[in-house]
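Chemist: Structure file protein_7.pdb (PDB, C-alpha atoms (C1' of nucleotides)) right here:
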```pdb
ATOM      1  CA  MET K   1      16.830   3.770  19.750
ATOM      2  CA  GLN K   2      17.183   2.632  23.342
ATOM      3  CA  GLU K   3      18.545  -0.761  24.311
ATOM      4  CA  HIS K   4      16.233  -3.536  25.225
ATOM      5  CA  ILE K   5      16.400  -4.645  28.828
ATOM      6  CA  GLU K   6      17.126  -8.323  28.989
ATOM      7  CA  GLU K   7      14.711 -10.050  31.317
ATOM      8  CA  SER K   8      12.187 -12.805  31.034
ATOM      9  CA  CYS K   9       8.523 -11.986  30.662
ATOM     10  CA  GLN K  10       6.350 -11.698  33.728
ATOM     11  CA  GLU K  11       2.761 -12.746  33.735
ATOM     12  CA  GLN K  12       1.447 -11.882  30.274
ATOM     13  CA  CYS K  13       5.036 -12.058  29.056
ATOM     14  CA  PHE K  14       5.737  -8.451  28.238
ATOM     15  CA  HIS K  15       8.296  -5.953  29.479
ATOM     16  CA  PRO K  16       6.126  -3.349  31.184
ATOM     17  CA  GLU K  17       8.596  -0.460  31.517
ATOM     18  CA  VAL K  18       9.836  -0.674  27.956
ATOM     19  CA  VAL K  19       6.303  -0.998  26.684
ATOM     20  CA  GLU K  20       5.225   1.997  28.723
ATOM     21  CA  SER K  21       8.060   4.162  27.508
ATOM     22  CA  VAL K  22       7.469   3.175  23.895
ATOM     23  CA  ARG K  23       3.768   3.800  24.257
ATOM     24  CA  ARG K  24       4.429   7.332  25.446
ATOM     25  CA  ASP K  25       6.611   8.115  22.439
ATOM     26  CA  MET K  26       4.634   6.447  19.698
ATOM     27  CA  LEU K  27       2.692   8.340  17.055
ATOM     28  CA  GLY K  28      -0.946   8.965  17.824
ATOM     29  CA  SER K  29      -3.335   6.759  15.923
ATOM     30  CA  VAL K  30      -4.423   9.569  13.606
ATOM     31  CA  PRO K  31      -0.908  10.386  12.325
ATOM     32  CA  ALA K  32      -0.116   6.676  11.998
ATOM     33  CA  ASP K  33      -3.245   6.259   9.959
ATOM     34  CA  GLU K  34      -2.433   9.153   7.662
ATOM     35  CA  LEU K  35       1.067   7.888   7.145
ATOM     36  CA  ALA K  36      -0.185   4.417   6.284
ATOM     37  CA  GLN K  37      -2.667   6.011   3.909
ATOM     38  CA  LEU K  38       0.100   7.896   2.114
ATOM     39  CA  PHE K  39       2.192   4.756   1.683
ATOM     40  CA  LYS K  40      -0.852   2.810   0.584
ATOM     41  CA  VAL K  41      -1.382   5.265  -2.252
ATOM     42  CA  LEU K  42       2.276   4.869  -3.244
ATOM     43  CA  GLY K  43       1.966   1.099  -2.974
ATOM     44  CA  ASP K  44       0.647   0.319  -6.404
ATOM     45  CA  ASN K  45       2.562  -0.439  -9.533
ATOM     46  CA  THR K  46       0.433   1.682 -11.852
ATOM     47  CA  ARG K  47       0.581   4.689  -9.560
ATOM     48  CA  ILE K  48       4.350   4.399  -9.119
ATOM     49  CA  ARG K  49       4.805   4.363 -12.862
ATOM     50  CA  ILE K  50       2.582   7.415 -13.184
ATOM     51  CA  LEU K  51       4.664   9.260 -10.587
ATOM     52  CA  ASP K  52       7.890   8.135 -12.212
ATOM     53  CA  ALA K  53       6.656   9.579 -15.507
ATOM     54  CA  LEU K  54       5.376  12.820 -13.988
ATOM     55  CA  TYR K  55       8.666  13.254 -12.170
ATOM     56  CA  ARG K  56      10.232  13.647 -15.603
ATOM     57  CA  SER K  57       7.595  15.836 -17.261
ATOM     58  CA  GLU K  58       4.166  17.305 -16.929
ATOM     59  CA  LEU K  59       1.903  15.079 -19.023
ATOM     60  CA  CYS K  60      -1.680  14.834 -20.176
ATOM     61  CA  VAL K  61      -3.857  11.811 -19.549
ATOM     62  CA  CYS K  62      -3.451  10.330 -23.002
ATOM     63  CA  ASP K  63       0.336  10.689 -22.779
ATOM     64  CA  LEU K  64       0.193   8.643 -19.608
ATOM     65  CA  THR K  65      -2.205   6.201 -21.194
ATOM     66  CA  ALA K  66       0.257   5.665 -24.038
ATOM     67  CA  LEU K  67       3.253   5.428 -21.698
ATOM     68  CA  LEU K  68       1.673   2.867 -19.439
ATOM     69  CA  GLY K  69       0.021   0.931 -22.199
ATOM     70  CA  MET K  70      -3.241   0.653 -20.365
ATOM     71  CA  ASN K  71      -6.699   1.932 -21.021
ATOM     72  CA  GLN K  72      -7.674   5.510 -20.374
ATOM     73  CA  SER K  73     -10.253   4.722 -17.748
ATOM     74  CA  ALA K  74      -7.803   2.842 -15.571
ATOM     75  CA  VAL K  75      -5.330   5.719 -15.774
ATOM     76  CA  SER K  76      -7.985   8.280 -14.893
ATOM     77  CA  HIS K  77      -9.103   6.243 -11.917
ATOM     78  CA  GLN K  78      -5.554   6.087 -10.584
ATOM     79  CA  LEU K  79      -4.986   9.788 -11.240
ATOM     80  CA  ARG K  80      -8.014  10.453  -9.105
ATOM     81  CA  VAL K  81      -6.519   8.489  -6.240
ATOM     82  CA  LEU K  82      -3.291  10.467  -6.567
ATOM     83  CA  ARG K  83      -5.164  13.757  -6.792
ATOM     84  CA  ASP K  84      -7.275  12.968  -3.735
ATOM     85  CA  ALA K  85      -4.083  12.231  -1.824
ATOM     86  CA  ARG K  86      -2.669  15.551  -3.064
ATOM     87  CA  ILE K  87       0.300  13.802  -4.576
ATOM     88  CA  VAL K  88      -0.351  15.160  -8.050
ATOM     89  CA  LYS K  89      -2.095  18.285  -9.263
ATOM     90  CA  SER K  90      -3.762  19.042 -12.558
ATOM     91  CA  ARG K  91      -4.464  22.023 -14.721
ATOM     92  CA  LYS K  92      -6.739  22.303 -17.693
ATOM     93  CA  GLN K  93      -5.455  23.258 -21.095
ATOM     94  CA  GLY K  94      -8.035  23.232 -23.817
ATOM     95  CA  LYS K  95      -9.357  19.733 -24.140
ATOM     96  CA  ASN K  96      -6.454  18.284 -22.202
ATOM     97  CA  VAL K  97      -5.724  18.017 -18.514
ATOM     98  CA  LEU K  98      -2.055  18.247 -17.638
ATOM     99  CA  TYR K  99      -0.805  16.470 -14.551
ATOM    100  CA  SER K 100       2.306  17.084 -12.495
ATOM    101  CA  LEU K 101       3.712  16.203  -9.074
ATOM    102  CA  ASP K 102       2.271  18.271  -6.261
ATOM    103  CA  ASP K 103       5.392  18.658  -4.163
ATOM    104  CA  GLU K 104       8.954  17.558  -3.835
ATOM    105  CA  HIS K 105       8.475  15.398  -0.763
ATOM    106  CA  ILE K 106       7.016  12.835  -3.072
ATOM    107  CA  SER K 107      10.027  12.619  -5.355
ATOM    108  CA  GLY K 108      12.131  12.405  -2.212
ATOM    109  CA  LEU K 109      10.135   9.450  -0.982
ATOM    110  CA  VAL K 110      10.346   7.705  -4.324
ATOM    111  CA  ARG K 111      14.090   8.332  -4.530
ATOM    112  CA  MET K 112      14.608   7.036  -1.000
ATOM    113  CA  GLY K 113      12.464   3.999  -1.658
ATOM    114  CA  SER K 114      14.460   3.225  -4.784
ATOM    115  CA  GLU K 115      17.682   3.387  -2.784
ATOM    116  CA  HIS K 116      16.301   0.963  -0.254
ATOM    117  CA  VAL K 117      15.201  -1.414  -2.980
ATOM    118  CA  SER K 118      18.557  -1.388  -4.753
ATOM    119  CA  GLU K 119      20.323  -1.689  -1.409
ATOM    120  CA  LEU K 120      18.516  -4.966  -0.770
ATOM    121  CA  LYS K 121      19.939  -6.501  -3.926
ATOM    122  CA  ARG K 122      23.567  -6.337  -2.846
TER
ATOM    123  CA  MET D   1      11.905  18.199 -14.556
ATOM    124  CA  GLN D   2      11.759  19.375 -18.138
ATOM    125  CA  GLU D   3       9.142  21.780 -19.444
ATOM    126  CA  HIS D   4       6.161  20.497 -21.271
ATOM    127  CA  ILE D   5       5.953  21.538 -24.907
ATOM    128  CA  GLU D   6       2.665  23.259 -25.544
ATOM    129  CA  GLU D   7       1.013  21.842 -28.610
ATOM    130  CA  SER D   8      -2.243  20.165 -29.365
ATOM    131  CA  CYS D   9      -2.487  16.413 -29.603
ATOM    132  CA  GLN D  10      -2.077  14.740 -32.954
ATOM    133  CA  GLU D  11      -3.928  11.616 -33.880
ATOM    134  CA  GLN D  12      -4.267   9.637 -30.679
ATOM    135  CA  CYS D  13      -3.823  12.911 -28.812
ATOM    136  CA  PHE D  14      -0.438  12.455 -27.252
ATOM    137  CA  HIS D  15       2.821  14.404 -27.465
ATOM    138  CA  PRO D  16       5.115  11.890 -29.157
ATOM    139  CA  GLU D  17       8.523  13.470 -28.465
ATOM    140  CA  VAL D  18       7.843  14.117 -24.814
ATOM    141  CA  VAL D  19       6.403  10.651 -24.402
ATOM    142  CA  GLU D  20       9.430   9.107 -26.093
ATOM    143  CA  SER D  21      11.890  11.006 -23.964
ATOM    144  CA  VAL D  22      10.022  10.118 -20.777
ATOM    145  CA  ARG D  23       9.784   6.526 -21.833
ATOM    146  CA  ARG D  24      13.549   6.336 -22.232
ATOM    147  CA  ASP D  25      14.168   7.679 -18.741
ATOM    148  CA  MET D  26      11.500   5.817 -16.805
ATOM    149  CA  LEU D  27      12.228   3.030 -14.388
ATOM    150  CA  GLY D  28      12.076  -0.468 -15.804
ATOM    151  CA  SER D  29       8.994  -2.408 -14.871
ATOM    152  CA  VAL D  30      10.877  -4.617 -12.423
ATOM    153  CA  PRO D  31      12.238  -1.753 -10.283
ATOM    154  CA  ALA D  32       8.864   0.009 -10.416
ATOM    155  CA  ASP D  33       7.250  -3.175  -9.206
ATOM    156  CA  GLU D  34       9.700  -3.610  -6.350
ATOM    157  CA  LEU D  35       9.244  -0.027  -5.290
ATOM    158  CA  ALA D  36       5.464  -0.359  -5.298
ATOM    159  CA  GLN D  37       5.826  -3.558  -3.299
ATOM    160  CA  LEU D  38       7.911  -1.786  -0.667
ATOM    161  CA  PHE D  39       5.361   1.007  -0.293
ATOM    162  CA  LYS D  40       2.542  -1.493  -0.229
ATOM    163  CA  VAL D  41       4.101  -3.154   2.787
ATOM    164  CA  LEU D  42       4.410   0.236   4.475
ATOM    165  CA  GLY D  43       0.845   1.082   3.544
ATOM    166  CA  ASP D  44      -0.963  -0.521   6.429
ATOM    167  CA  ASN D  45      -1.893   1.008   9.717
ATOM    168  CA  THR D  46      -0.897  -1.983  11.839
ATOM    169  CA  ARG D  47       2.475  -2.327  10.168
ATOM    170  CA  ILE D  48       3.212   1.387  10.489
ATOM    171  CA  ARG D  49       2.471   1.198  14.193
ATOM    172  CA  ILE D  50       4.753  -1.816  14.526
ATOM    173  CA  LEU D  51       7.564   0.059  12.780
ATOM    174  CA  ASP D  52       6.934   3.142  14.856
ATOM    175  CA  ALA D  53       7.282   1.032  17.998
ATOM    176  CA  LEU D  54      10.366  -0.839  16.794
ATOM    177  CA  TYR D  55      11.958   2.441  15.829
ATOM    178  CA  ARG D  56      11.970   3.228  19.552
ATOM    179  CA  SER D  57      13.033  -0.130  20.917
ATOM    180  CA  GLU D  58      13.666  -3.738  20.085
ATOM    181  CA  LEU D  59      10.557  -5.589  21.249
ATOM    182  CA  CYS D  60       9.199  -9.111  21.547
ATOM    183  CA  VAL D  61       5.946 -10.206  19.959
ATOM    184  CA  CYS D  62       3.913  -9.967  23.127
ATOM    185  CA  ASP D  63       5.225  -6.461  23.800
ATOM    186  CA  LEU D  64       3.915  -5.482  20.382
ATOM    187  CA  THR D  65       0.693  -7.329  20.994
ATOM    188  CA  ALA D  66       0.172  -5.316  24.175
ATOM    189  CA  LEU D  67       1.184  -2.039  22.535
ATOM    190  CA  LEU D  68      -1.132  -2.435  19.589
ATOM    191  CA  GLY D  69      -3.957  -3.917  21.596
ATOM    192  CA  MET D  70      -4.613  -6.615  19.068
ATOM    193  CA  ASN D  71      -4.376 -10.352  19.157
ATOM    194  CA  GLN D  72      -1.095 -12.180  18.902
ATOM    195  CA  SER D  73      -1.897 -13.955  15.672
ATOM    196  CA  ALA D  74      -2.631 -10.751  13.802
ATOM    197  CA  VAL D  75       0.648  -9.258  15.017
ATOM    198  CA  SER D  76       2.619 -12.339  13.997
ATOM    199  CA  HIS D  77       1.056 -12.308  10.555
ATOM    200  CA  GLN D  78       2.074  -8.703  10.027
ATOM    201  CA  LEU D  79       5.560  -9.315  11.389
ATOM    202  CA  ARG D  80       5.907 -12.016   8.793
ATOM    203  CA  VAL D  81       5.025  -9.579   6.031
ATOM    204  CA  LEU D  82       7.614  -7.145   7.373
ATOM    205  CA  ARG D  83      10.220  -9.871   7.725
ATOM    206  CA  ASP D  84       9.624 -11.142   4.189
ATOM    207  CA  ALA D  85      10.123  -7.601   2.923
ATOM    208  CA  ARG D  86      13.335  -7.406   4.976
ATOM    209  CA  ILE D  87      12.077  -4.362   6.786
ATOM    210  CA  VAL D  88      12.444  -5.926  10.213
ATOM    211  CA  LYS D  89      14.705  -8.638  11.511
ATOM    212  CA  SER D  90      14.314 -10.985  14.448
ATOM    213  CA  ARG D  91      16.494 -12.837  16.884
ATOM    214  CA  LYS D  92      15.569 -15.571  19.264
ATOM    215  CA  GLN D  93      16.044 -15.210  22.981
ATOM    216  CA  GLY D  94      14.783 -18.093  25.029
ATOM    217  CA  LYS D  95      11.087 -18.413  24.475
ATOM    218  CA  ASN D  96      10.865 -14.937  23.008
ATOM    219  CA  VAL D  97      11.592 -13.555  19.577
ATOM    220  CA  LEU D  98      12.890 -10.011  19.571
ATOM    221  CA  TYR D  99      12.176  -7.803  16.572
ATOM    222  CA  SER D 100      13.952  -4.692  15.381
ATOM    223  CA  LEU D 101      14.208  -2.548  12.240
ATOM    224  CA  ASP D 102      16.435  -4.039   9.573
ATOM    225  CA  ASP D 103      18.022  -0.856   8.311
ATOM    226  CA  GLU D 104      17.923   2.889   8.594
ATOM    227  CA  HIS D 105      16.418   3.545   5.176
ATOM    228  CA  ILE D 106      13.142   2.490   6.677
ATOM    229  CA  SER D 107      13.187   5.001   9.501
ATOM    230  CA  GLY D 108      14.188   7.580   6.904
ATOM    231  CA  LEU D 109      11.174   6.743   4.793
ATOM    232  CA  VAL D 110       8.855   6.878   7.762
ATOM    233  CA  ARG D 111      10.325  10.190   8.877
ATOM    234  CA  MET D 112       9.996  11.645   5.391
ATOM    235  CA  GLY D 113       6.461  10.367   5.038
ATOM    236  CA  SER D 114       5.545  11.964   8.360
ATOM    237  CA  GLU D 115       6.925  15.276   7.173
ATOM    238  CA  HIS D 116       4.852  15.097   4.036
ATOM    239  CA  VAL D 117       1.738  14.280   6.013
ATOM    240  CA  SER D 118       2.196  17.153   8.459
ATOM    241  CA  GLU D 119       3.072  19.457   5.578
ATOM    242  CA  LEU D 120      -0.321  18.779   4.010
ATOM    243  CA  LYS D 121      -2.122  20.024   7.109
ATOM    244  CA  ARG D 122      -0.883  23.565   6.889
TER
ATOM    245  C1'  DT U   1     -26.279  23.912 -33.902
ATOM    246  C1'  DG U   2     -24.304  19.151 -33.871
ATOM    247  C1'  DC U   3     -19.843  16.174 -34.077
ATOM    248  C1'  DT U   4     -15.609  14.725 -32.302
ATOM    249  C1'  DT U   5     -12.080  14.354 -28.878
ATOM    250  C1'  DA U   6     -10.149  14.261 -24.023
ATOM    251  C1'  DT U   7     -11.184  13.142 -19.587
ATOM    252  C1'  DA U   8     -14.080  11.599 -15.667
ATOM    253  C1'  DT U   9     -17.094   8.548 -13.360
ATOM    254  C1'  DG U  10     -20.370   4.740 -11.916
ATOM    255  C1'  DA U  11     -21.292  -0.135 -11.768
ATOM    256  C1'  DA U  12     -19.775  -4.665 -11.801
ATOM    257  C1'  DC U  13     -16.309  -8.268 -11.461
ATOM    258  C1'  DT U  14     -12.260 -10.319  -9.593
ATOM    259  C1'  DG U  15      -8.185 -10.775  -7.079
ATOM    260  C1'  DT U  16      -5.979  -9.428  -2.873
ATOM    261  C1'  DT U  17      -5.514  -8.522   1.941
ATOM    262  C1'  DG U  18      -6.115  -8.161   7.039
ATOM    263  C1'  DG U  19      -8.103 -10.294  10.717
ATOM    264  C1'  DT U  20      -9.937 -14.407  13.544
ATOM    265  C1'  DC U  21      -9.971 -19.007  15.043
ATOM    266  C1'  DA U  22      -7.849 -23.210  15.672
ATOM    267  C1'  DT U  23      -3.750 -25.535  15.752
ATOM    268  C1'  DA U  24       1.315 -26.449  15.301
ATOM    269  C1'  DT U  25       6.061 -25.666  16.693
ATOM    270  C1'  DG U  26       9.659 -25.010  19.797
ATOM    271  C1'  DA U  27      11.584 -23.678  24.029
ATOM    272  C1'  DT U  28      11.583 -23.653  29.216
ATOM    273  C1'  DA U  29      10.255 -25.534  33.622
ATOM    274  C1'  DC U  30       8.719 -29.163  36.478
TER
ATOM    275  C1'  DG B   1       8.850 -37.504  30.117
ATOM    276  C1'  DT B   2       4.469 -33.655  30.657
ATOM    277  C1'  DA B   3       2.796 -28.994  31.163
ATOM    278  C1'  DT B   4       3.133 -24.356  29.940
ATOM    279  C1'  DC B   5       4.344 -20.339  27.540
ATOM    280  C1'  DA B   6       5.758 -17.549  23.286
ATOM    281  C1'  DT B   7       5.398 -17.522  18.615
ATOM    282  C1'  DA B   8       4.148 -19.144  13.903
ATOM    283  C1'  DT B   9       1.043 -20.761  10.518
ATOM    284  C1'  DG B  10      -3.021 -22.544   7.800
ATOM    285  C1'  DA B  11      -7.868 -22.111   6.643
ATOM    286  C1'  DC B  12     -11.467 -19.181   6.228
ATOM    287  C1'  DC B  13     -14.143 -14.910   5.539
ATOM    288  C1'  DA B  14     -15.331 -10.135   4.983
ATOM    289  C1'  DA B  15     -13.773  -5.903   3.218
ATOM    290  C1'  DC B  16     -11.268  -3.592  -0.147
ATOM    291  C1'  DA B  17      -8.801  -2.288  -4.436
ATOM    292  C1'  DG B  18      -7.739  -2.288  -9.468
ATOM    293  C1'  DT B  19      -9.454  -3.049 -13.958
ATOM    294  C1'  DT B  20     -12.952  -3.035 -17.592
ATOM    295  C1'  DC B  21     -17.086  -1.574 -19.810
ATOM    296  C1'  DA B  22     -20.435   1.703 -20.615
ATOM    297  C1'  DT B  23     -21.615   6.242 -20.224
ATOM    298  C1'  DA B  24     -21.352  11.235 -18.852
ATOM    299  C1'  DT B  25     -19.187  15.721 -19.068
ATOM    300  C1'  DA B  26     -16.976  19.387 -21.254
ATOM    301  C1'  DA B  27     -14.118  21.597 -24.559
ATOM    302  C1'  DG B  28     -13.022  22.622 -29.470
ATOM    303  C1'  DC B  29     -14.344  22.542 -34.293
ATOM    304  C1'  DA B  30     -17.382  22.422 -38.575
TER
END
```
With the file now loaded, output its structure as structure tokens.
Modeler:
Amino acid sequence: MQEHIEESCQEQCFHPEVVESVRRDMLGSVPADELAQLFKVLGDNTRIRILDALYRSELCVCDLTALLGMNQSAVSHQLRVLRDARIVKSRKQGKNVLYSLDDEHISGLVRMGSEHVSELKR
Amino acid sequence: MQEHIEESCQEQCFHPEVVESVRRDMLGSVPADELAQLFKVLGDNTRIRILDALYRSELCVCDLTALLGMNQSAVSHQLRVLRDARIVKSRKQGKNVLYSLDDEHISGLVRMGSEHVSELKR
DNA sequence: TGCTTATATGAACTGTTGGTCATATGATAC
DNA sequence: GTATCATATGACCAACAGTTCATATAAGCA
């Protein structure tokens, strides 16, 4: 994190050297997009509750439906979003489909996010 | 992460003991909501690019406007969202307003998210 | 074979969100 | 004071996202 050079804006106001140096270092637009996409998938109450549940145990769709108290279709739709984002994985077992978290980065993100949230309350 | 007990669904299909135990451990609905809200704010391409830039240097609004190549109003609107979520902070300096990240949890989240994203590509 | 159960999916509806335009505020400079 | 510049904000609109309803698929059971 470099220090900001104190000077008034020329012309169009901005600080050309700082802007140039930041521009060089910034993420490309593709990675930024993918990152935003990941957070967007995490940015829904239903999906967070699903992940919170799956963090504790592998569960089938109707378990999740019962836990969340919402209808099965809504849960399935959200599971699809999570599957497409490769945040959860599923395996078939008889009539049921069992879901679980796809990797441990996700629990890390959720844990870190929780810390930030509780930090803000102090 | 406890193991799932293999048994077929009774009645309404679900596994009552597992569901009960998960239910006990799950986040309350308020924390889940706050967490989802945090990720929702991070889940936008423009805001991620703003954070990526601010991670590298404190910047004024017109710097960001130039960096992102979008109009000033759009940038200000998104800065407001980030400010309301206490993800960035601002200080006045003459005519300018300088923005920076509000705490290091945020850069941690972004870093961790990036790792996850690049992990998926392998 | 048909019947039931678990899950998935498509269509439609509704609420939300990101951007644009126009305008307001607030500070500096003249 | 007035003019100008940097930023903020309100109204509006188009695109999108989450839920529901109805229906499809697919497995197990009689």
Chemist: Find the spatial neighbours of Ala53 (chain K), counting all atoms listed in the file, within a cut-off of 10 Å - ignore same-chain residues fewer than 2 positions away - and output them as a PyMOL selection string.
Modeler: (chain K and resi 47-51+55-59+63-64+67-68+100-101) or (chain D and resi 19+22-23+25-27)
Chemist: Evaluate the PyMOL selection byres ((chain D) within 7 of (chain B)) here and jot the selected residues down as a PDB file with C-alpha atoms, in the coordinates of the input.
Modeler:
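Ended up saving to part_38.pdb:
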```pdb
ATOM      1  CA  SER D  76       2.619 -12.339  13.997  1.00  0.00           C
ATOM      2  CA  LYS D  95      11.087 -18.413  24.475  1.00  0.00           C
ATOM      3  CA  ASN D  96      10.865 -14.937  23.008  1.00  0.00           C
TER       4      ASN D  96
END
```
Chemist: Which value, in Å to one decimal, gives the distance between CA of Gln72 (chain D) and CA of Ser21 (chain K)?
Modeler: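 We find that CA of Gln72 (chain D) and CA of Ser21 (chain K) lie 20.6 Å from each other.
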Chemist: Between U:DG15, U:DT5, U:DT25, U:DG10, which residue has the minimum interatomic distance to chain D, considering only C-alpha atoms (C1' of nucleotides)?
Modeler: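 Of U:DG15, U:DT5, U:DT25, U:DG10, the one nearest chain D, counting only C-alpha atoms (C1' of nucleotides), is U:DT5.
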Chemist: With a cut-off of 12 Å, could you pull out the residues of chain U touching chain D and give me the nearest pair of atoms for each, distance in Å to one decimal, using only C-alpha atoms (C1' of nucleotides), ordered by chain and ascending number, as a tab-separated table?
Modeler:
```
residue	atom	partner	partner_atom	distance
U:DT5	C1'	D:Cys13	CA	8.4
U:DA6	C1'	D:Cys13	CA	8.0
U:DT7	C1'	D:Cys13	CA	11.8
U:DT16	C1'	D:Lys40	CA	11.9
U:DT17	C1'	D:Asp44	CA	10.2
U:DG18	C1'	D:Ala74	CA	8.0
U:DG19	C1'	D:Ala74	CA	6.3
U:DT20	C1'	D:Ala74	CA	8.2
U:DC21	C1'	D:Ser73	CA	9.5
U:DA22	C1'	D:Ser73	CA	11.0
U:DT23	C1'	D:Ser73	CA	11.7
U:DT25	C1'	D:Lys95	CA	11.8
U:DG26	C1'	D:Lys95	CA	8.2
U:DA27	C1'	D:Lys95	CA	5.3
U:DT28	C1'	D:Lys95	CA	7.1
U:DA29	C1'	D:Lys95	CA	11.6
```
Chemist: Please evaluate the PyMOL selection byres ((chain D and resi 105-111) around 9) against the structure above and give the resulting residues as a list in words.
Modeler: Leu35, Leu109, Met112, Gly113, Glu115 and His116 of chain K; Leu42, Ile48, Leu51, Asp52, Tyr55, Ile87, Leu101, Asp102, Asp103, Glu104, Met112, Gly113, Ser114, Glu115 and His116 of chain D
Chemist: I'd like the superposed chain D, fitted onto chain K by least squares over all Cα atoms in order, as a short mmCIF file (atom, residue, chain, number, x, y, z; two decimals) with C-alpha atoms, in the coordinates of the input.
Modeler:
```cif
data_model
loop_
_atom_site.label_atom_id
_atom_site.label_comp_id
_atom_site.auth_asym_id
_atom_site.auth_seq_id
_atom_site.Cartn_x
_atom_site.Cartn_y
_atom_site.Cartn_z
CA MET D 1 16.93 3.69 19.65
CA GLN D 2 17.23 2.63 23.26
CA GLU D 3 18.58 -0.74 24.34
CA HIS D 4 16.24 -3.50 25.23
CA ILE D 5 16.38 -4.59 28.86
CA GLU D 6 17.07 -8.29 29.04
CA GLU D 7 14.66 -9.96 31.39
CA SER D 8 12.11 -12.69 31.13
CA CYS D 9 8.46 -11.90 30.69
CA GLN D 10 6.25 -11.60 33.72
CA GLU D 11 2.64 -12.62 33.69
CA GLN D 12 1.38 -11.85 30.22
CA CYS D 13 4.99 -12.04 29.06
CA PHE D 14 5.73 -8.45 28.22
CA HIS D 15 8.32 -5.96 29.46
CA PRO D 16 6.14 -3.36 31.17
CA GLU D 17 8.61 -0.48 31.51
CA VAL D 18 9.85 -0.70 27.96
CA VAL D 19 6.31 -1.01 26.67
CA GLU D 20 5.23 2.01 28.71
CA SER D 21 8.09 4.15 27.51
CA VAL D 22 7.48 3.16 23.89
CA ARG D 23 3.80 3.78 24.26
CA ARG D 24 4.45 7.32 25.44
CA ASP D 25 6.63 8.11 22.43
CA MET D 26 4.64 6.43 19.68
CA LEU D 27 2.71 8.31 17.06
CA GLY D 28 -0.94 8.92 17.81
CA SER D 29 -3.32 6.71 15.92
CA VAL D 30 -4.42 9.52 13.61
CA PRO D 31 -0.91 10.35 12.32
CA ALA D 32 -0.10 6.64 12.00
CA ASP D 33 -3.24 6.22 9.96
CA GLU D 34 -2.43 9.13 7.68
CA LEU D 35 1.07 7.87 7.15
CA ALA D 36 -0.17 4.39 6.28
CA GLN D 37 -2.67 5.96 3.91
CA LEU D 38 0.09 7.87 2.12
CA PHE D 39 2.19 4.73 1.67
CA LYS D 40 -0.85 2.79 0.58
CA VAL D 41 -1.38 5.23 -2.26
CA LEU D 42 2.26 4.84 -3.25
CA GLY D 43 1.99 1.08 -3.00
CA ASP D 44 0.66 0.31 -6.43
CA ASN D 45 2.59 -0.46 -9.54
CA THR D 46 0.47 1.68 -11.86
CA ARG D 47 0.61 4.69 -9.57
CA ILE D 48 4.37 4.39 -9.11
CA ARG D 49 4.81 4.35 -12.87
CA ILE D 50 2.59 7.42 -13.18
CA LEU D 51 4.67 9.25 -10.58
CA ASP D 52 7.88 8.13 -12.21
CA ALA D 53 6.66 9.58 -15.50
CA LEU D 54 5.38 12.82 -13.98
CA TYR D 55 8.66 13.24 -12.16
CA ARG D 56 10.22 13.65 -15.61
CA SER D 57 7.60 15.82 -17.25
CA GLU D 58 4.16 17.30 -16.90
CA LEU D 59 1.91 15.08 -19.01
CA CYS D 60 -1.69 14.84 -20.17
CA VAL D 61 -3.86 11.82 -19.53
CA CYS D 62 -3.44 10.35 -22.98
CA ASP D 63 0.34 10.72 -22.77
CA LEU D 64 0.20 8.63 -19.60
CA THR D 65 -2.20 6.21 -21.20
CA ALA D 66 0.26 5.68 -24.04
CA LEU D 67 3.25 5.44 -21.70
CA LEU D 68 1.67 2.87 -19.44
CA GLY D 69 0.02 0.96 -22.23
CA MET D 70 -3.24 0.68 -20.39
CA ASN D 71 -6.70 1.97 -21.04
CA GLN D 72 -7.68 5.55 -20.38
CA SER D 73 -10.25 4.75 -17.74
CA ALA D 74 -7.81 2.85 -15.57
CA VAL D 75 -5.34 5.72 -15.78
CA SER D 76 -7.99 8.29 -14.88
CA HIS D 77 -9.09 6.23 -11.90
CA GLN D 78 -5.55 6.08 -10.58
CA LEU D 79 -4.98 9.78 -11.23
CA ARG D 80 -8.01 10.44 -9.10
CA VAL D 81 -6.52 8.46 -6.23
CA LEU D 82 -3.30 10.44 -6.56
CA ARG D 83 -5.16 13.73 -6.78
CA ASP D 84 -7.28 12.94 -3.72
CA ALA D 85 -4.08 12.20 -1.81
CA ARG D 86 -2.67 15.52 -3.05
CA ILE D 87 0.29 13.77 -4.56
CA VAL D 88 -0.35 15.13 -8.03
CA LYS D 89 -2.08 18.25 -9.24
CA SER D 90 -3.75 19.03 -12.53
CA ARG D 91 -4.44 22.02 -14.71
CA LYS D 92 -6.73 22.31 -17.65
CA GLN D 93 -5.47 23.27 -21.06
CA GLY D 94 -8.05 23.24 -23.78
CA LYS D 95 -9.38 19.74 -24.11
CA ASN D 96 -6.47 18.31 -22.17
CA VAL D 97 -5.73 18.03 -18.48
CA LEU D 98 -2.07 18.26 -17.61
CA TYR D 99 -0.81 16.46 -14.52
CA SER D 100 2.31 17.06 -12.47
CA LEU D 101 3.72 16.18 -9.04
CA ASP D 102 2.27 18.26 -6.24
CA ASP D 103 5.39 18.65 -4.15
CA GLU D 104 8.97 17.55 -3.83
CA HIS D 105 8.48 15.37 -0.76
CA ILE D 106 7.01 12.82 -3.09
CA SER D 107 10.00 12.63 -5.39
CA GLY D 108 12.12 12.41 -2.24
CA LEU D 109 10.13 9.45 -1.01
CA VAL D 110 10.34 7.71 -4.35
CA ARG D 111 14.07 8.35 -4.56
CA MET D 112 14.61 7.05 -1.03
CA GLY D 113 12.46 4.01 -1.68
CA SER D 114 14.47 3.25 -4.81
CA GLU D 115 17.68 3.42 -2.82
CA HIS D 116 16.32 0.99 -0.28
CA VAL D 117 15.22 -1.39 -3.00
CA SER D 118 18.57 -1.36 -4.78
CA GLU D 119 20.34 -1.67 -1.44
CA LEU D 120 18.53 -4.94 -0.78
CA LYS D 121 19.94 -6.48 -3.95
CA ARG D 122 23.54 -6.35 -2.88
#
```
